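Here's data.cif, which has mmCIF, C-alpha atoms:
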data_structure
loop_
_atom_site.label_atom_id
_atom_site.label_comp_id
_atom_site.auth_asym_id
_atom_site.auth_seq_id
_atom_site.Cartn_x
_atom_site.Cartn_y
_atom_site.Cartn_z
CA MET A 1 -7.44 -26.66 -17.14
CA SER A 2 -5.38 -23.51 -16.66
CA ASP A 3 -2.53 -22.39 -18.89
CA PRO A 4 0.83 -21.94 -17.05
CA THR A 5 1.88 -18.98 -19.20
CA LEU A 6 -1.45 -17.19 -18.78
CA THR A 7 -1.35 -17.96 -15.06
CA ILE A 8 2.02 -16.23 -14.73
CA ILE A 9 0.74 -13.27 -16.77
CA TRP A 10 -2.27 -12.93 -14.48
CA ALA A 11 -0.08 -13.19 -11.41
CA GLY A 12 1.97 -10.32 -12.86
CA ILE A 13 -1.15 -8.22 -13.53
CA ILE A 14 -2.43 -8.66 -9.98
CA ALA A 15 1.03 -8.01 -8.51
CA PHE A 16 1.21 -4.83 -10.61
CA ALA A 17 -2.23 -3.72 -9.41
CA ILE A 18 -1.31 -4.31 -5.77
CA GLY A 19 2.00 -2.49 -6.24
CA ALA A 20 0.26 0.44 -7.94
CA TYR A 21 -2.24 0.61 -5.10
CA VAL A 22 0.51 0.66 -2.46
CA VAL A 23 2.37 3.39 -4.35
CA MET A 24 -0.63 5.60 -5.11
CA ASP A 25 -3.03 5.07 -2.24
CA GLY A 26 -0.18 4.71 0.23
CA PHE A 27 0.70 8.38 0.28
CA ASP A 28 -2.90 9.58 0.56
CA LEU A 29 -3.55 7.16 3.42
CA GLY A 30 -0.29 8.43 4.89
CA ILE A 31 -1.53 12.01 4.85
CA GLY A 32 -4.63 10.84 6.71
CA ILE A 33 -2.43 9.09 9.28
CA LEU A 34 -0.51 12.33 9.87
CA PHE A 35 -3.56 14.59 9.61
CA LYS A 36 -4.04 15.20 13.34
CA LEU A 37 -0.42 16.39 13.60
CA PHE A 38 -1.25 19.45 11.50
CA PRO A 39 -2.90 22.51 13.09
CA VAL A 40 -6.58 23.12 12.38
CA GLY A 41 -7.00 25.55 9.51
CA GLN A 42 -4.76 26.24 6.56
CA GLN A 43 -2.32 23.37 7.05
CA ARG A 44 -5.06 20.72 7.27
CA ASP A 45 -6.92 22.24 4.33
CA THR A 46 -3.78 22.24 2.20
CA ALA A 47 -2.84 18.69 3.22
CA MET A 48 -6.24 17.38 2.16
CA ASN A 49 -6.18 19.41 -1.06
CA ALA A 50 -2.83 17.83 -1.93
CA ILE A 51 -4.64 14.52 -2.55
CA ALA A 52 -8.21 15.63 -3.29
CA PRO A 53 -7.95 15.32 -7.10
CA VAL A 54 -6.46 11.81 -7.12
CA TRP A 55 -7.44 9.88 -4.00
CA ASP A 56 -10.51 8.15 -5.46
CA GLY A 57 -8.68 7.19 -8.67
CA ASN A 58 -5.88 5.69 -6.59
CA GLU A 59 -8.30 3.16 -5.14
CA THR A 60 -9.12 1.84 -8.61
CA TRP A 61 -6.08 -0.41 -8.26
CA LEU A 62 -7.51 -2.01 -5.12
CA VAL A 63 -10.66 -2.90 -7.03
CA LEU A 64 -8.60 -4.28 -9.93
CA GLY A 65 -6.42 -6.36 -7.60
CA GLY A 66 -9.36 -7.78 -5.66
CA GLY A 67 -11.50 -8.38 -8.73
CA GLY A 68 -8.59 -9.88 -10.63
CA LEU A 69 -7.85 -12.26 -7.75
CA MET A 70 -11.47 -13.45 -7.71
CA ALA A 71 -11.58 -13.95 -11.48
CA ALA A 72 -8.08 -15.30 -12.18
CA PHE A 73 -7.45 -17.25 -8.97
CA PRO A 74 -10.90 -18.20 -7.62
CA LEU A 75 -9.59 -20.86 -5.23
CA ALA A 76 -7.28 -18.35 -3.53
CA TYR A 77 -10.14 -15.83 -3.28
CA ALA A 78 -12.46 -18.47 -1.80
CA VAL A 79 -9.91 -19.31 0.91
CA ILE A 80 -8.58 -15.81 1.67
CA LEU A 81 -11.97 -14.13 2.12
CA PRO A 82 -13.32 -16.31 4.97
CA ALA A 83 -9.88 -16.39 6.60
CA LEU A 84 -9.63 -12.60 6.66
CA TYR A 85 -13.23 -11.41 6.97
CA ALA A 86 -12.50 -9.27 10.03
CA PRO A 87 -9.50 -7.21 8.82
CA LEU A 88 -10.89 -6.89 5.28
CA THR A 89 -14.26 -5.68 6.59
CA ALA A 90 -12.50 -3.21 8.88
CA MET A 91 -10.44 -1.95 5.95
CA LEU A 92 -13.45 -1.42 3.69
CA LEU A 93 -15.50 0.34 6.37
CA ALA A 94 -12.54 2.58 7.19
CA LEU A 95 -12.10 3.47 3.52
CA VAL A 96 -15.79 4.38 3.37
CA PHE A 97 -15.47 6.65 6.41
CA ARG A 98 -12.45 8.50 5.02
CA GLY A 99 -14.07 8.77 1.58
CA VAL A 100 -17.20 10.35 3.03
CA ALA A 101 -15.03 12.69 5.12
CA PHE A 102 -13.39 14.03 1.95
CA GLU A 103 -16.68 15.43 0.73
CA PHE A 104 -18.52 16.35 3.94
CA ARG A 105 -15.54 18.11 5.52
CA TRP A 106 -16.05 20.97 3.06
CA ARG A 107 -19.83 20.84 2.82
CA ASP A 108 -20.57 20.52 6.53
CA PRO A 109 -18.15 22.91 8.28
CA GLY A 110 -20.21 22.84 11.45
CA HIS A 111 -19.09 19.24 12.07
CA ARG A 112 -15.60 19.57 10.63
CA ARG A 113 -13.99 18.21 13.80
CA PHE A 114 -15.93 14.95 13.35
CA TRP A 115 -15.02 14.69 9.68
CA ASP A 116 -11.36 15.35 10.47
CA PHE A 117 -11.48 12.51 12.97
CA SER A 118 -13.20 10.24 10.42
CA PHE A 119 -10.56 11.02 7.81
CA SER A 120 -7.68 10.40 10.20
CA ALA A 121 -9.09 7.37 12.00
CA GLY A 122 -10.26 5.82 8.72
CA SER A 123 -6.78 6.18 7.27
CA VAL A 124 -5.11 4.59 10.31
CA VAL A 125 -7.57 1.69 10.53
CA ALA A 126 -7.48 0.98 6.77
CA THR A 127 -3.69 0.95 6.75
CA PHE A 128 -3.39 -1.18 9.88
CA ALA A 129 -5.93 -3.66 8.49
CA GLN A 130 -4.00 -3.90 5.22
CA GLY A 131 -0.81 -4.64 7.15
CA ILE A 132 -2.57 -7.29 9.25
CA THR A 133 -3.93 -8.86 6.05
CA LEU A 134 -0.42 -9.01 4.59
CA GLY A 135 0.97 -10.51 7.78
CA ALA A 136 -1.79 -13.11 7.94
CA LEU A 137 -1.13 -14.13 4.34
CA LEU A 138 2.62 -14.39 4.92
CA GLN A 139 2.26 -16.57 8.00
CA GLY A 140 0.04 -18.94 6.05
CA ILE A 141 -3.63 -19.85 5.96
CA ALA A 142 -4.90 -23.29 6.93
CA VAL A 143 -6.38 -25.10 3.94
CA ALA A 144 -8.11 -28.51 3.81
CA ASP A 145 -10.02 -29.95 0.85
CA ARG A 146 -9.64 -26.65 -1.01
CA THR A 147 -11.44 -24.65 1.70
CA TYR A 148 -10.39 -22.56 4.69
CA ALA A 149 -9.75 -24.83 7.67
CA GLY A 150 -8.79 -22.30 10.34
CA GLY A 151 -10.63 -20.31 12.98
CA TRP A 152 -12.06 -16.80 13.16
CA TRP A 153 -9.06 -15.33 15.01
CA ASP A 154 -6.20 -17.08 13.17
CA TRP A 155 -5.24 -13.80 11.50
CA LEU A 156 -4.56 -12.14 14.87
CA THR A 157 -0.92 -12.91 15.76
CA PRO A 158 2.09 -10.88 16.92
CA PHE A 159 3.52 -11.10 13.40
CA SER A 160 0.38 -9.75 11.71
CA LEU A 161 0.20 -6.91 14.25
CA LEU A 162 3.86 -6.13 13.56
CA CYS A 163 3.13 -5.94 9.83
CA GLY A 164 0.17 -3.66 10.52
CA ALA A 165 2.26 -1.27 12.60
CA ALA A 166 5.09 -1.31 10.04
CA LEU A 167 2.71 -0.41 7.22
CA VAL A 168 1.32 2.52 9.22
CA VAL A 169 4.86 3.87 9.57
CA GLY A 170 5.59 3.26 5.89
CA TYR A 171 2.45 4.98 4.60
CA ALA A 172 3.04 7.88 6.99
CA MET A 173 6.50 8.31 5.45
CA LEU A 174 5.03 8.33 1.93
CA GLY A 175 2.45 10.91 3.02
CA ALA A 176 5.07 13.17 4.61
CA CYS A 177 7.29 13.00 1.51
CA TRP A 178 4.30 13.74 -0.74
CA LEU A 179 3.60 16.89 1.27
CA VAL A 180 7.27 17.87 1.09
CA MET A 181 6.91 17.70 -2.68
CA LYS A 182 3.47 19.34 -3.01
CA SER A 183 3.28 21.98 -0.27
CA THR A 184 4.99 25.21 0.72
CA GLY A 185 5.57 27.29 3.83
CA LYS A 186 4.78 25.98 7.30
CA LEU A 187 3.16 22.77 6.08
CA HIS A 188 6.20 21.99 3.93
CA ASN A 189 8.54 22.53 6.86
CA ARG A 190 6.40 20.48 9.23
CA ALA A 191 6.16 17.62 6.72
CA ARG A 192 9.94 17.63 6.25
CA SER A 193 10.46 17.53 10.02
CA ILE A 194 8.04 14.61 10.35
CA ALA A 195 9.72 12.73 7.47
CA LEU A 196 13.13 13.10 9.13
CA LYS A 197 11.75 11.61 12.34
CA LEU A 198 10.01 8.81 10.46
CA THR A 199 13.12 7.72 8.52
CA PRO A 200 14.77 5.79 11.39
CA MET A 201 11.36 4.48 12.46
CA LEU A 202 10.80 3.11 8.95
CA LEU A 203 14.22 1.43 8.98
CA VAL A 204 13.39 -0.21 12.31
CA ALA A 205 9.98 -1.33 10.97
CA ILE A 206 11.50 -2.85 7.80
CA GLY A 207 14.21 -4.52 9.84
CA ALA A 208 11.75 -5.97 12.36
CA VAL A 209 9.47 -7.46 9.70
CA SER A 210 12.46 -8.75 7.71
CA LEU A 211 13.95 -10.45 10.76
CA ALA A 212 10.64 -12.03 11.77
CA THR A 213 9.51 -13.22 8.31
CA PRO A 214 11.96 -16.16 7.84
CA PHE A 215 10.67 -17.74 11.05
CA VAL A 216 6.93 -17.71 10.29
CA GLU A 217 7.21 -20.20 7.40
CA PRO A 218 10.02 -22.74 6.74
CA GLN A 219 9.89 -21.90 3.02
CA TYR A 220 11.00 -18.34 3.74
CA TYR A 221 13.98 -19.44 5.83
CA ASP A 222 15.13 -21.74 3.04
CA ARG A 223 14.67 -19.04 0.40
CA TRP A 224 16.58 -16.41 2.37
CA PHE A 225 19.45 -18.43 3.82
CA GLN A 226 20.20 -21.05 1.18
CA MET A 227 21.61 -20.71 -2.31
CA PRO A 228 20.59 -19.25 -4.71
CA GLY A 229 18.29 -17.16 -2.49
CA MET A 230 21.24 -15.78 -0.55
CA LEU A 231 22.35 -13.97 -3.70
CA VAL A 232 19.33 -11.71 -3.12
CA THR A 233 19.37 -11.80 0.68
CA ILE A 234 22.92 -10.48 1.01
CA PRO A 235 22.62 -7.29 -1.09
CA MET A 236 19.04 -6.44 0.03
CA PRO A 237 19.97 -4.94 3.44
CA LEU A 238 22.70 -2.92 1.75
CA LEU A 239 20.23 -1.54 -0.79
CA VAL A 240 17.73 -0.69 1.97
CA ALA A 241 20.45 1.10 3.93
CA PHE A 242 21.53 3.02 0.82
CA PHE A 243 17.98 4.13 -0.04
CA ALA A 244 17.35 5.17 3.55
CA PHE A 245 20.59 7.15 3.65
CA MET A 246 19.72 8.94 0.40
CA LEU A 247 16.22 9.66 1.73
CA TRP A 248 17.66 11.17 4.90
CA ARG A 249 20.31 13.14 3.02
CA ASP A 250 17.87 14.64 0.53
CA LEU A 251 15.46 15.60 3.30
CA GLU A 252 18.30 17.29 5.16
CA SER A 253 19.48 18.99 1.95
CA ASN A 254 16.02 20.47 1.31
CA TYR A 255 15.28 18.56 -1.88
CA GLU A 256 11.57 18.51 -2.60
CA THR A 257 10.92 15.73 -5.12
CA ARG A 258 13.64 13.17 -4.56
CA PRO A 259 12.68 12.08 -1.01
CA PHE A 260 9.32 10.78 -2.23
CA PHE A 261 10.97 8.55 -4.80
CA TRP A 262 13.56 7.25 -2.33
CA ALA A 263 10.67 6.32 -0.04
CA LEU A 264 8.96 4.55 -2.94
CA GLY A 265 12.23 2.73 -3.56
CA LEU A 266 12.17 1.35 -0.02
CA PHE A 267 8.65 0.05 -0.63
CA LEU A 268 9.75 -1.47 -3.94
CA LEU A 269 12.64 -3.31 -2.27
CA SER A 270 10.28 -4.62 0.41
CA MET A 271 7.79 -5.87 -2.18
CA ILE A 272 10.56 -7.57 -4.18
CA GLY A 273 11.72 -9.35 -1.04
CA LEU A 274 8.19 -10.53 -0.28
CA ALA A 275 7.62 -11.68 -3.86
CA ILE A 276 10.83 -13.72 -3.84
CA SER A 277 9.82 -15.27 -0.52
CA ILE A 278 6.36 -16.52 -1.53
CA TRP A 279 6.81 -17.38 -5.23
CA PRO A 280 5.07 -19.40 -6.70
CA TYR A 281 2.57 -19.63 -3.85
CA VAL A 282 -0.53 -17.49 -3.60
CA LEU A 283 -1.22 -19.05 -0.19
CA PRO A 284 2.24 -19.69 1.24
CA GLY A 285 2.96 -23.34 1.94
CA SER A 286 -0.35 -24.67 0.65
CA VAL A 287 -1.66 -23.33 -2.68
CA THR A 288 0.41 -22.22 -5.68
CA ILE A 289 -0.77 -19.83 -8.37
CA PHE A 290 -1.07 -22.83 -10.72
CA ASP A 291 -3.29 -24.71 -8.25
CA ALA A 292 -5.56 -21.70 -7.77
CA ALA A 293 -5.79 -20.54 -11.40
CA ALA A 294 -9.04 -20.31 -13.36
CA PRO A 295 -9.57 -22.40 -16.54
CA ARG A 296 -7.69 -21.36 -19.69
CA GLU A 297 -10.80 -20.07 -21.43
CA SER A 298 -11.61 -17.78 -18.52
CA GLN A 299 -8.02 -16.55 -18.40
CA ILE A 300 -8.11 -15.61 -22.09
CA PHE A 301 -11.49 -13.89 -21.82
CA MET A 302 -10.39 -11.81 -18.83
CA LEU A 303 -7.03 -11.02 -20.40
CA ILE A 304 -8.79 -9.38 -23.35
CA GLY A 305 -10.67 -7.15 -20.95
CA ALA A 306 -7.53 -6.37 -18.96
CA ALA A 307 -5.65 -5.50 -22.15
CA ILE A 308 -8.26 -2.80 -22.78
CA LEU A 309 -8.94 -1.57 -19.25
CA VAL A 310 -5.45 -1.42 -17.75
CA PRO A 311 -4.07 1.00 -20.41
CA VAL A 312 -7.21 3.15 -20.01
CA ILE A 313 -6.73 3.27 -16.22
CA LEU A 314 -3.05 4.11 -16.66
CA ALA A 315 -3.90 6.83 -19.17
CA TYR A 316 -6.50 8.66 -17.07
CA THR A 317 -4.35 8.25 -13.94
CA ALA A 318 -1.34 9.78 -15.70
CA TRP A 319 -3.55 12.57 -17.07
CA ALA A 320 -4.94 13.39 -13.61
CA TYR A 321 -1.46 13.60 -12.08
CA TRP A 322 -0.26 15.75 -14.99
CA VAL A 323 -3.18 18.17 -14.78
CA PHE A 324 -2.78 18.60 -11.02
CA ARG A 325 1.01 18.69 -10.99
CA GLY A 326 2.93 21.31 -9.04
CA LYS A 327 2.36 22.87 -5.66
CA VAL A 328 -1.03 23.09 -3.98
CA ASP A 329 -2.36 25.77 -1.65
CA GLU A 330 -5.24 26.08 0.77
CA ALA A 331 -7.72 27.03 -1.98
CA GLY A 332 -7.02 23.69 -3.65
CA TYR A 333 -9.59 22.11 -5.92
CA HIS A 334 -12.82 22.43 -3.91
#

Would you mind giving the structure from this file in structure tokens?
Amino acid sequence: MSDPTLTIIWAGIIAFAIGAYVVMDGFDLGIGILFKLFPVGQQRDTAMNAIAPVWDGNETWLVLGGGGLMAAFPLAYAVILPALYAPLTAMLLALVFRGVAFEFRWRDPGHRRFWDFSFSAGSVVATFAQGITLGALLQGIAVADRTYAGGWWDWLTPFSLLCGAALVVGYAMLGACWLVMKSTGKLHNRARSIALKLTPMLLVAIGAVSLATPFVEPQYYDRWFQMPGMLVTIPMPLLVAFFAFMLWRDLESNYETRPFFWALGLFLLSMIGLAISIWPYVLPGSVTIFDAAAPRESQIFMLIGAAILVPVILAYTAWAYWVFRGKVDEAGYH
């Protein structure tokens, strides 16, 4: 029997891990998405060096989120995995390709064009697959007798494709703003120009997903357009518009650090909206976090481990970002 309090704590830990992954790996995937827009040579070298010291550590949060879901909510894991084999497999293979490209791009200069393609294509495919996975979860997964009851292609819908495209735009914005903060010269100027172009595209992407979401699951419509949910629904578009305006203004005003945090703010608002929509379900409309939770003894055992590991991960992550703070150049860290 699971413990409701521990179940909520574990839901918070996994939500934190997923949020940390989106924040940290989002910008390095975004740089990969934009990579082919930079000229071969110094600008590409500098763009990759801007994330070289931290990219692998960023993916720790993906492992924590996936492992935590399996351990803390085994029923949800057992249903989600067969429902989303295709996009999850595509994501993992793409992450492998881009990870290999990080190392071989410098050690095998004779095939650098191939490794550049692997880095860029891997980033696009991984991001698109993550967006499709999110969309498939939001639209609901068929469950019968505590097992997946749908077909192989149930994840492939217009809504999931929309979420995939929106996430590509969002990560690209994070990547551009990261380069605005970390680079100088021509790369800095190019990244700022790209970020300015991406700002209205990101607003359109957020708006499109937000308008479509209430109609994919009756629960969302009720949450968004009935009290007390409307108390959140009404101010949310205003907050998104404000953050987008500040992002645009600071990019135009040549600020270097603030645009990245305004872009993160837009992601935070989007994640808050999604969390409000699906709570307390882990599989919208069918399985709650309390239905899917592991037994109390397992929750306590894993919580002890998490209480040790999460602070350690946070500490070495903070240390890495502190050590490699400031601007980066083409020499980088290789």

Using all atoms listed in the file, find each residue of segment 16-93 of chain A with at least one atom at most 6 Å away from an atom of segment 104-126 of chain A; report its shortest atom-to-atom pair and that distance in Å (one decimal), sort the rows by chain and rising residue number, and return the result as a Markdown table.
| residue | atom | partner | partner_atom | distance |
| --- | --- | --- | --- | --- |
| A:Leu29 | CA | A:Ser123 | CA | 5.1 |
| A:Gly32 | CA | A:Ser120 | CA | 4.7 |
| A:Ile33 | CA | A:Val124 | CA | 5.3 |
| A:Phe35 | CA | A:Ser120 | CA | 5.9 |
| A:Met91 | CA | A:Ala126 | CA | 4.2 |

(message) For a test of reading the model, state the distance in Å between atom CA of Gly164 of chain A and atom CA of Ala263 of chain A, rounded to one decimal.
(response)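 Calculated distance between atom CA of Gly164 of chain A and atom CA of Ala263 of chain A is 17.9 Å.
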
(request) Enumerate, as a ChimeraX atom specification, the residues matched when the PyMOL selection byres ((chain A and resi 327) around 9) is run on the file above. (result) /A:50,181-184,324-326,328-329

(message) Taking only C-alpha atoms into account, name the residue in A:Leu247, A:Ala78, A:Ala149, A:Ile206 that is nearest to Phe261 of chain A.
(response) A:Leu247

Leaving out Pro39 of chain A and any residue of its chain fewer than 3 positions from it, which residues lie within 12 Å of it when counting all atoms listed in the file, given as an mmCIF file with C-alpha atoms, in the frame of the given file?
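Output contents, as saved in result10.cif:
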data_model
loop_
_atom_site.group_PDB
_atom_site.id
_atom_site.type_symbol
_atom_site.label_atom_id
_atom_site.label_comp_id
_atom_site.auth_asym_id
_atom_site.auth_seq_id
_atom_site.Cartn_x
_atom_site.Cartn_y
_atom_site.Cartn_z
ATOM 1 C CA LEU A 34 -0.510 12.330 9.870
ATOM 2 C CA PHE A 35 -3.560 14.590 9.610
ATOM 3 C CA LYS A 36 -4.040 15.200 13.340
ATOM 4 C CA GLN A 42 -4.760 26.240 6.560
ATOM 5 C CA GLN A 43 -2.320 23.370 7.050
ATOM 6 C CA ARG A 44 -5.060 20.720 7.270
ATOM 7 C CA ASP A 45 -6.920 22.240 4.330
ATOM 8 C CA THR A 46 -3.780 22.240 2.200
ATOM 9 C CA ALA A 47 -2.840 18.690 3.220
ATOM 10 C CA ARG A 113 -13.990 18.210 13.800
ATOM 11 C CA ASP A 116 -11.360 15.350 10.470
ATOM 12 C CA LYS A 186 4.780 25.980 7.300
ATOM 13 C CA LEU A 187 3.160 22.770 6.080
ATOM 14 C CA ARG A 190 6.400 20.480 9.230
#

Can you take the partial segment 145-155 of chain A, add all heavy atoms, and return it as a PDB file, in the coordinates of the input?
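rebuild-v7.pdb written:
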ATOM      1  N   ASP A 145      -9.017 -29.659   1.877  1.00  0.00           N
ATOM      2  CA  ASP A 145     -10.020 -29.950   0.850  1.00  0.00           C
ATOM      3  C   ASP A 145     -10.442 -28.691   0.099  1.00  0.00           C
ATOM      4  O   ASP A 145     -11.630 -28.450  -0.143  1.00  0.00           O
ATOM      5  CB  ASP A 145     -11.261 -30.616   1.469  1.00  0.00           C
ATOM      6  CG  ASP A 145     -10.942 -31.961   2.094  1.00  0.00           C
ATOM      7  OD1 ASP A 145     -10.060 -32.660   1.547  1.00  0.00           O
ATOM      8  OD2 ASP A 145     -11.537 -32.297   3.125  1.00  0.00           O
ATOM      9  N   ARG A 146      -9.451 -27.852  -0.203  1.00  0.00           N
ATOM     10  CA  ARG A 146      -9.640 -26.650  -1.010  1.00  0.00           C
ATOM     11  C   ARG A 146     -10.562 -25.613  -0.349  1.00  0.00           C
ATOM     12  O   ARG A 146     -11.163 -24.775  -1.029  1.00  0.00           O
ATOM     13  CB  ARG A 146     -10.190 -27.014  -2.401  1.00  0.00           C
ATOM     14  CG  ARG A 146      -9.244 -27.881  -3.209  1.00  0.00           C
ATOM     15  CD  ARG A 146      -9.910 -28.433  -4.459  1.00  0.00           C
ATOM     16  NE  ARG A 146     -10.283 -27.375  -5.382  1.00  0.00           N
ATOM     17  CZ  ARG A 146      -9.476 -26.856  -6.314  1.00  0.00           C
ATOM     18  NH1 ARG A 146      -8.221 -27.287  -6.415  1.00  0.00           N
ATOM     19  NH2 ARG A 146      -9.908 -25.934  -7.133  1.00  0.00           N
ATOM     20  N   THR A 147     -10.660 -25.641   0.966  1.00  0.00           N
ATOM     21  CA  THR A 147     -11.440 -24.650   1.700  1.00  0.00           C
ATOM     22  C   THR A 147     -10.644 -24.189   2.925  1.00  0.00           C
ATOM     23  O   THR A 147      -9.694 -24.851   3.351  1.00  0.00           O
ATOM     24  CB  THR A 147     -12.796 -25.204   2.171  1.00  0.00           C
ATOM     25  OG1 THR A 147     -12.563 -26.334   3.022  1.00  0.00           O
ATOM     26  CG2 THR A 147     -13.649 -25.626   0.992  1.00  0.00           C
ATOM     27  N   TYR A 148     -11.059 -23.078   3.496  1.00  0.00           N
ATOM     28  CA  TYR A 148     -10.390 -22.560   4.690  1.00  0.00           C
ATOM     29  C   TYR A 148     -10.676 -23.474   5.869  1.00  0.00           C
ATOM     30  O   TYR A 148     -11.824 -23.816   6.150  1.00  0.00           O
ATOM     31  CB  TYR A 148     -10.885 -21.139   4.984  1.00  0.00           C
ATOM     32  CG  TYR A 148     -10.315 -20.558   6.247  1.00  0.00           C
ATOM     33  CD1 TYR A 148      -8.943 -20.491   6.452  1.00  0.00           C
ATOM     34  CD2 TYR A 148     -11.161 -20.084   7.252  1.00  0.00           C
ATOM     35  CE1 TYR A 148      -8.419 -19.962   7.615  1.00  0.00           C
ATOM     36  CE2 TYR A 148     -10.643 -19.538   8.410  1.00  0.00           C
ATOM     37  CZ  TYR A 148      -9.278 -19.489   8.597  1.00  0.00           C
ATOM     38  OH  TYR A 148      -8.757 -18.960   9.755  1.00  0.00           O
ATOM     39  N   ALA A 149      -9.617 -23.859   6.575  1.00  0.00           N
ATOM     40  CA  ALA A 149      -9.750 -24.830   7.670  1.00  0.00           C
ATOM     41  C   ALA A 149      -9.371 -24.240   9.022  1.00  0.00           C
ATOM     42  O   ALA A 149      -9.233 -24.976  10.002  1.00  0.00           O
ATOM     43  CB  ALA A 149      -8.887 -26.060   7.388  1.00  0.00           C
ATOM     44  N   GLY A 150      -9.206 -22.931   9.094  1.00  0.00           N
ATOM     45  CA  GLY A 150      -8.790 -22.300  10.340  1.00  0.00           C
ATOM     46  C   GLY A 150      -9.954 -21.717  11.113  1.00  0.00           C
ATOM     47  O   GLY A 150     -11.136 -21.931  10.785  1.00  0.00           O
ATOM     48  N   GLY A 151      -9.623 -20.931  12.141  1.00  0.00           N
ATOM     49  CA  GLY A 151     -10.630 -20.310  12.980  1.00  0.00           C
ATOM     50  C   GLY A 151     -10.792 -18.831  12.684  1.00  0.00           C
ATOM     51  O   GLY A 151     -10.065 -18.248  11.869  1.00  0.00           O
ATOM     52  N   TRP A 152     -11.736 -18.199  13.405  1.00  0.00           N
ATOM     53  CA  TRP A 152     -12.060 -16.800  13.160  1.00  0.00           C
ATOM     54  C   TRP A 152     -10.903 -15.873  13.490  1.00  0.00           C
ATOM     55  O   TRP A 152     -10.709 -14.851  12.839  1.00  0.00           O
ATOM     56  CB  TRP A 152     -13.289 -16.437  13.996  1.00  0.00           C
ATOM     57  CG  TRP A 152     -13.678 -14.988  13.920  1.00  0.00           C
ATOM     58  CD1 TRP A 152     -13.437 -14.025  14.848  1.00  0.00           C
ATOM     59  CD2 TRP A 152     -14.359 -14.337  12.846  1.00  0.00           C
ATOM     60  NE1 TRP A 152     -13.932 -12.812  14.428  1.00  0.00           N
ATOM     61  CE2 TRP A 152     -14.508 -12.970  13.199  1.00  0.00           C
ATOM     62  CE3 TRP A 152     -14.871 -14.771  11.620  1.00  0.00           C
ATOM     63  CZ2 TRP A 152     -15.137 -12.053  12.378  1.00  0.00           C
ATOM     64  CZ3 TRP A 152     -15.505 -13.837  10.802  1.00  0.00           C
ATOM     65  CH2 TRP A 152     -15.631 -12.508  11.184  1.00  0.00           C
ATOM     66  N   TRP A 153     -10.099 -16.225  14.522  1.00  0.00           N
ATOM     67  CA  TRP A 153      -9.060 -15.330  15.010  1.00  0.00           C
ATOM     68  C   TRP A 153      -7.656 -15.751  14.560  1.00  0.00           C
ATOM     69  O   TRP A 153      -6.675 -15.236  15.105  1.00  0.00           O
ATOM     70  CB  TRP A 153      -9.100 -15.272  16.533  1.00  0.00           C
ATOM     71  CG  TRP A 153     -10.358 -14.679  17.075  1.00  0.00           C
ATOM     72  CD1 TRP A 153     -11.404 -15.347  17.629  1.00  0.00           C
ATOM     73  CD2 TRP A 153     -10.719 -13.295  17.078  1.00  0.00           C
ATOM     74  NE1 TRP A 153     -12.404 -14.477  17.985  1.00  0.00           N
ATOM     75  CE2 TRP A 153     -12.001 -13.201  17.663  1.00  0.00           C
ATOM     76  CE3 TRP A 153     -10.081 -12.125  16.648  1.00  0.00           C
ATOM     77  CZ2 TRP A 153     -12.660 -11.985  17.824  1.00  0.00           C
ATOM     78  CZ3 TRP A 153     -10.738 -10.914  16.824  1.00  0.00           C
ATOM     79  CH2 TRP A 153     -12.002 -10.848  17.399  1.00  0.00           C
ATOM     80  N   ASP A 154      -7.534 -16.632  13.594  1.00  0.00           N
ATOM     81  CA  ASP A 154      -6.200 -17.080  13.170  1.00  0.00           C
ATOM     82  C   ASP A 154      -5.352 -15.944  12.615  1.00  0.00           C
ATOM     83  O   ASP A 154      -4.121 -16.009  12.656  1.00  0.00           O
ATOM     84  CB  ASP A 154      -6.323 -18.185  12.113  1.00  0.00           C
ATOM     85  CG  ASP A 154      -6.700 -19.523  12.725  1.00  0.00           C
ATOM     86  OD1 ASP A 154      -7.054 -19.537  13.929  1.00  0.00           O
ATOM     87  OD2 ASP A 154      -6.656 -20.543  12.011  1.00  0.00           O
ATOM     88  N   TRP A 155      -5.983 -14.926  12.088  1.00  0.00           N
ATOM     89  CA  TRP A 155      -5.240 -13.800  11.500  1.00  0.00           C
ATOM     90  C   TRP A 155      -4.574 -12.935  12.557  1.00  0.00           C
ATOM     91  O   TRP A 155      -3.644 -12.177  12.261  1.00  0.00           O
ATOM     92  CB  TRP A 155      -6.183 -12.918  10.677  1.00  0.00           C
ATOM     93  CG  TRP A 155      -7.384 -12.445  11.438  1.00  0.00           C
ATOM     94  CD1 TRP A 155      -8.596 -13.070  11.547  1.00  0.00           C
ATOM     95  CD2 TRP A 155      -7.486 -11.253  12.253  1.00  0.00           C
ATOM     96  NE1 TRP A 155      -9.445 -12.345  12.361  1.00  0.00           N
ATOM     97  CE2 TRP A 155      -8.787 -11.232  12.806  1.00  0.00           C
ATOM     98  CE3 TRP A 155      -6.608 -10.216  12.538  1.00  0.00           C
ATOM     99  CZ2 TRP A 155      -9.225 -10.207  13.630  1.00  0.00           C
ATOM    100  CZ3 TRP A 155      -7.038  -9.181  13.366  1.00  0.00           C
ATOM    101  CH2 TRP A 155      -8.324  -9.188  13.908  1.00  0.00           C
TER     102      TRP A 155
END
